[in-house]
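*Asks:* Below is the structure I would like to discuss, written out as structure tokens.
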Amino acid sequence: MTFGSLKKKSKRSPTSSSSQNPPKTAPPPHPRFSRRRLAVAFFVASLCVVVVVRLAFERVPPSSEIYTIEVVNEFPHDPTAFTQGLVYAGNDTLFESTGLYGQSSVRQIHLQTGKVILQHKMDDSKFGEGLTLLDGRLFQVTWLERIGFIYDQYNLSKLKSFTHQMQDGWGLATDGKVLYGSDGTSTLYQIDPMTLKVVGKDAVRYKDHDVSFLNELEYVNGEVLANVWQTDCIARISQKDGMVLGWILLHELRQGLFRSGHRGIDVLNGIAWDKDNNRLFVTGKLWPTLFEIKLRPVVGPLHRTVENLCRLR
């Protein structure tokens with residue numbers, strides 16, 4: 001906001017040619033209203049206006065930011081992997097949870113080649129979902145059940161199973177202290193990694209909308225990134241209160257795969273963050289490619305609103 005400058009109106013000082021016939025002009029201003037005092041009064045009033053305006057703006061939360069992406073690198077990805085969870089573990093190593101009955105697994109993958117290094121195949125009755133890594137342990141949840149599993153990072157041996165308190169098992173992430181979980185609703189859960197009990201939860205909202213269908217999760221610098229199921233959108237969620245800070249629109253990735261003849265691909269799902277090198281990776285269910293991306297702010301108007309693009313209700 002800019003303010004116009006305040007202009008002072010000056011008056012010429014009256015002069016008299018004769019003490020007998022003074023000119024017909026207004027009397028000089030009373031000392032209470034001298035120019036200096038008027039200037040000070042104007043300055044104080046302007047300062048008050050500026051302070052009030054500044055305080056008003058500080059009370060308004062920052063507007064959500066919308067990003068598209070630039071592809072930095074492309075890596076091979078198993079096109080038969082129904083990706084449900086994705087974790088970067090350093091040294092060009094990824095861990096992935098895959099779904100579908102009879103095909104669910106937890107696997108260690110080499111980033112550069114996409115090859116599976118180690119794999120733990122799950123029981124055919126289990127449908128693998130979200131995955132995260134904390135202190136050498138991989139935590140995984142399963143679909144339509146409140147059952148999860150913990151694996152050894154180094155050999156993928158199953159250490160134990162657990163029961164969680166979410167309505168369902170969809171996504172997992174961690175900030176190194178707590179686990180964040182999603183169950184397909186608009187709720188973002190905080191889970192104690194030792195007891196596996198819910199210690200907090202927030203309703204994820206964007207403007208006046210609940211953001212439902214939260215799916216695969218990843219923690220990045222104070223934000224929880226969440227795939228919104230059946231969309232090409234990632235929500236950037238504040239870990240403090242669940243409010244959506246911004247959106248990442250990735251429609252170009254799936255459209256590009258379609259144009260390349262990959263008709264059997266499913267939805268965007270899978271986010272991994274390399275915190276040491278500031279690299280963000282994404283892929284999807286049955287996608288032949290894993291993408292390293294950078295965010296680019298959207299310049300200019302969108303052809304469709306975020307509410308429509310990301311199917312907010």
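Residue numbering restarts at 1 in every chain; chains get A, B, ... in the order shown in the structure tokens, and ligands count up from 1 in that same order.
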Show which residues sit within 7 Å of stretch 194-202 of chain A, as a PyMOL selection string. Count only C-alpha atoms, and ignore same-chain residues fewer than 4 positions away.
*Replies:* chain A and resi 164-165+187-190+241-242
*Asks:* Would you return as a VMD selection string the members of stretch 49-228 of chain A that DSSP assigns to strand (DSSP E) on this structure's backbone?
*Replies:* chain A and resid 65 to 76 83 to 88 93 to 98 105 to 110 116 to 121 128 to 134 137 to 142 147 to 152 158 to 163 171 to 174 179 to 182 187 to 191 198 to 203 205 to 206 209 to 210 214 to 220 223 to 228
*Asks:* Need to verify the contact set: A:Ile66, 8 Å, only C-alpha atoms, exclusion of same-chain residues closer than 2 positions in sequence. Can you return it as a PyMOL selection string?
*Replies:* chain A and resi 64+68+246-249+297-298
*Asks:* Given only C-alpha atoms as the basis, pick out the residue of A:Ser238, A:Thr283, A:Thr163, A:Thr80 nearest to A:Ile271.
*Replies:* A:Thr283
*Asks:* So that I can check the surroundings of A:Ala81, please list as a compact mmCIF listing (two decimals) with C-alpha atoms, in the first residue's frame every protein, DNA and RNA residue that reaches within 12 Å of it, counting only C-alpha atoms and ignoring chain neighbours fewer than 2 positions away.
*Replies:*
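After the write, result26.txt holds the following:
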# COMPACT_ATOMS: atom_id res chain seq x y z
CA PRO A 76 13.86 -45.53 -13.90
CA HIS A 77 11.02 -46.84 -11.74
CA ASP A 78 9.46 -50.29 -11.71
CA PRO A 79 6.25 -49.91 -13.80
CA THR A 83 3.59 -47.18 -5.10
CA GLN A 84 2.06 -46.41 -1.70
CA GLY A 85 5.00 -45.05 0.31
CA LEU A 86 8.39 -43.66 -0.64
CA GLU A 96 9.26 -48.14 -1.19
CA SER A 97 6.03 -49.70 0.01
CA THR A 98 3.85 -51.21 -2.73
CA GLY A 99 0.20 -52.19 -2.59
CA LEU A 100 -2.38 -54.55 -4.13
CA GLN A 103 1.70 -57.99 -4.69
CA SER A 104 2.37 -55.84 -1.62
CA SER A 105 5.97 -55.46 -0.49
CA VAL A 106 8.60 -53.34 1.19
CA ARG A 107 11.68 -52.89 -0.97
CA ILE A 109 15.76 -49.52 -4.44
CA GLY A 114 15.53 -48.30 -10.27
CA LYS A 115 16.63 -51.85 -9.46
CA VAL A 116 15.30 -53.62 -6.38
CA GLY A 128 0.71 -52.27 1.82
CA GLY A 264 -1.60 -48.16 -17.85
CA ILE A 265 -0.38 -45.70 -15.23
CA ASP A 266 -2.44 -44.87 -12.15
CA ASN A 269 1.57 -41.11 -5.34
CA GLY A 270 4.97 -41.16 -3.70
CA THR A 283 6.38 -40.78 -8.73
CA GLY A 284 3.05 -42.57 -9.07
CA LYS A 285 1.36 -45.95 -8.98
CA LEU A 286 2.59 -48.04 -11.92
CA TRP A 287 4.72 -45.18 -13.22
CA PRO A 288 7.86 -46.10 -15.21
CA THR A 289 9.67 -42.97 -14.06
CA LEU A 290 10.67 -41.33 -10.80
*Asks:* As a PyMOL selection string, please: every residue in stretch 89-275 of chain A that DSSP puts in helix (DSSP H, G or I).
*Replies:* chain A and resi 251-259
*Asks:* From the set A:Arg146, A:Gln153, A:Arg254, A:Lys294, which residue has the shortest atom-to-atom contact distance to A:Tyr88, counting only C-alpha atoms?
*Replies:*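 Result for the nearest residue to A:Tyr88: A:Gln153.
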*Asks:* Restricting the calculation to only C-alpha atoms, which member of A:Leu131, A:Ile117, A:Ile293, A:Ala203 is positioned closest to A:Phe75?
*Replies:*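 For A:Phe75, the nearest of the candidates is A:Ile293.
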*Asks:* If you measure from atom CA of A:His120 to atom CA of A:Gln140, what distance in Å do you get, rounded to one decimal?
*Replies:*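 So the two atoms, atom CA of A:His120 and atom CA of A:Gln140, lie 12.0 Å apart.
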*Asks:* Considering only C-alpha atoms, return as a list in words whatever protein or nucleic-acid residues lie within 8 Å of A:Ile147, sequence-local ones (same chain, fewer than 3 positions apart) excluded.
*Replies:*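 Final neighbour list, sorted by chain and number: Val141, Thr142, Ser161, Phe162, Thr163, His164 and Gly169 of chain A.
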*Asks:* Quick one: write out the picked residues with N, CA and C atoms as a PDB file, in the first residue's frame?
*Replies:*
ATOM      1  N   VAL A 141       2.066 -48.944   7.283  1.00  0.00           N
ATOM      2  CA  VAL A 141       0.674 -49.216   7.616  1.00  0.00           C
ATOM      3  C   VAL A 141       0.017 -49.969   6.461  1.00  0.00           C
ATOM      4  N   THR A 142      -1.174 -50.509   6.708  1.00  0.00           N
ATOM      5  CA  THR A 142      -1.885 -51.309   5.711  1.00  0.00           C
ATOM      6  C   THR A 142      -3.293 -50.762   5.505  1.00  0.00           C
ATOM      7  N   SER A 161       4.730 -56.220  14.733  1.00  0.00           N
ATOM      8  CA  SER A 161       3.517 -55.605  14.207  1.00  0.00           C
ATOM      9  C   SER A 161       2.933 -54.705  15.293  1.00  0.00           C
ATOM     10  N   PHE A 162       2.066 -53.803  14.908  1.00  0.00           N
ATOM     11  CA  PHE A 162       1.452 -52.900  15.888  1.00  0.00           C
ATOM     12  C   PHE A 162       0.044 -52.551  15.434  1.00  0.00           C
ATOM     13  N   THR A 163      -0.727 -52.041  16.352  1.00  0.00           N
ATOM     14  CA  THR A 163      -2.080 -51.545  16.069  1.00  0.00           C
ATOM     15  C   THR A 163      -2.087 -50.043  16.283  1.00  0.00           C
ATOM     16  N   HIS A 164      -2.598 -49.297  15.316  1.00  0.00           N
ATOM     17  CA  HIS A 164      -2.643 -47.836  15.450  1.00  0.00           C
ATOM     18  C   HIS A 164      -4.080 -47.375  15.675  1.00  0.00           C
ATOM     19  N   GLY A 169      -5.189 -47.056   7.341  1.00  0.00           N
ATOM     20  CA  GLY A 169      -3.783 -46.787   7.090  1.00  0.00           C
ATOM     21  C   GLY A 169      -3.569 -46.319   5.666  1.00  0.00           C
TER      22      GLY A 169
END
*Asks:* Find the residues around A:Glu292 up to 9 Å (only C-alpha atoms counted), leave out those fewer than 5 positions away in its own chain, and share them as a list in words.
*Replies:*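 Listing them by chain and then by number gives Glu70, Val71, Val72, Asn73, Glu74, Phe75, Arg279, Leu280, Phe281 and Val282 of chain A.
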*Asks:* Please indicate the distance in Å from atom CA of A:Phe95 to atom CA of A:Leu295, rounded to one decimal place.
*Replies:*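 Between atom CA of A:Phe95 and atom CA of A:Leu295 the gap is 23.2 Å.
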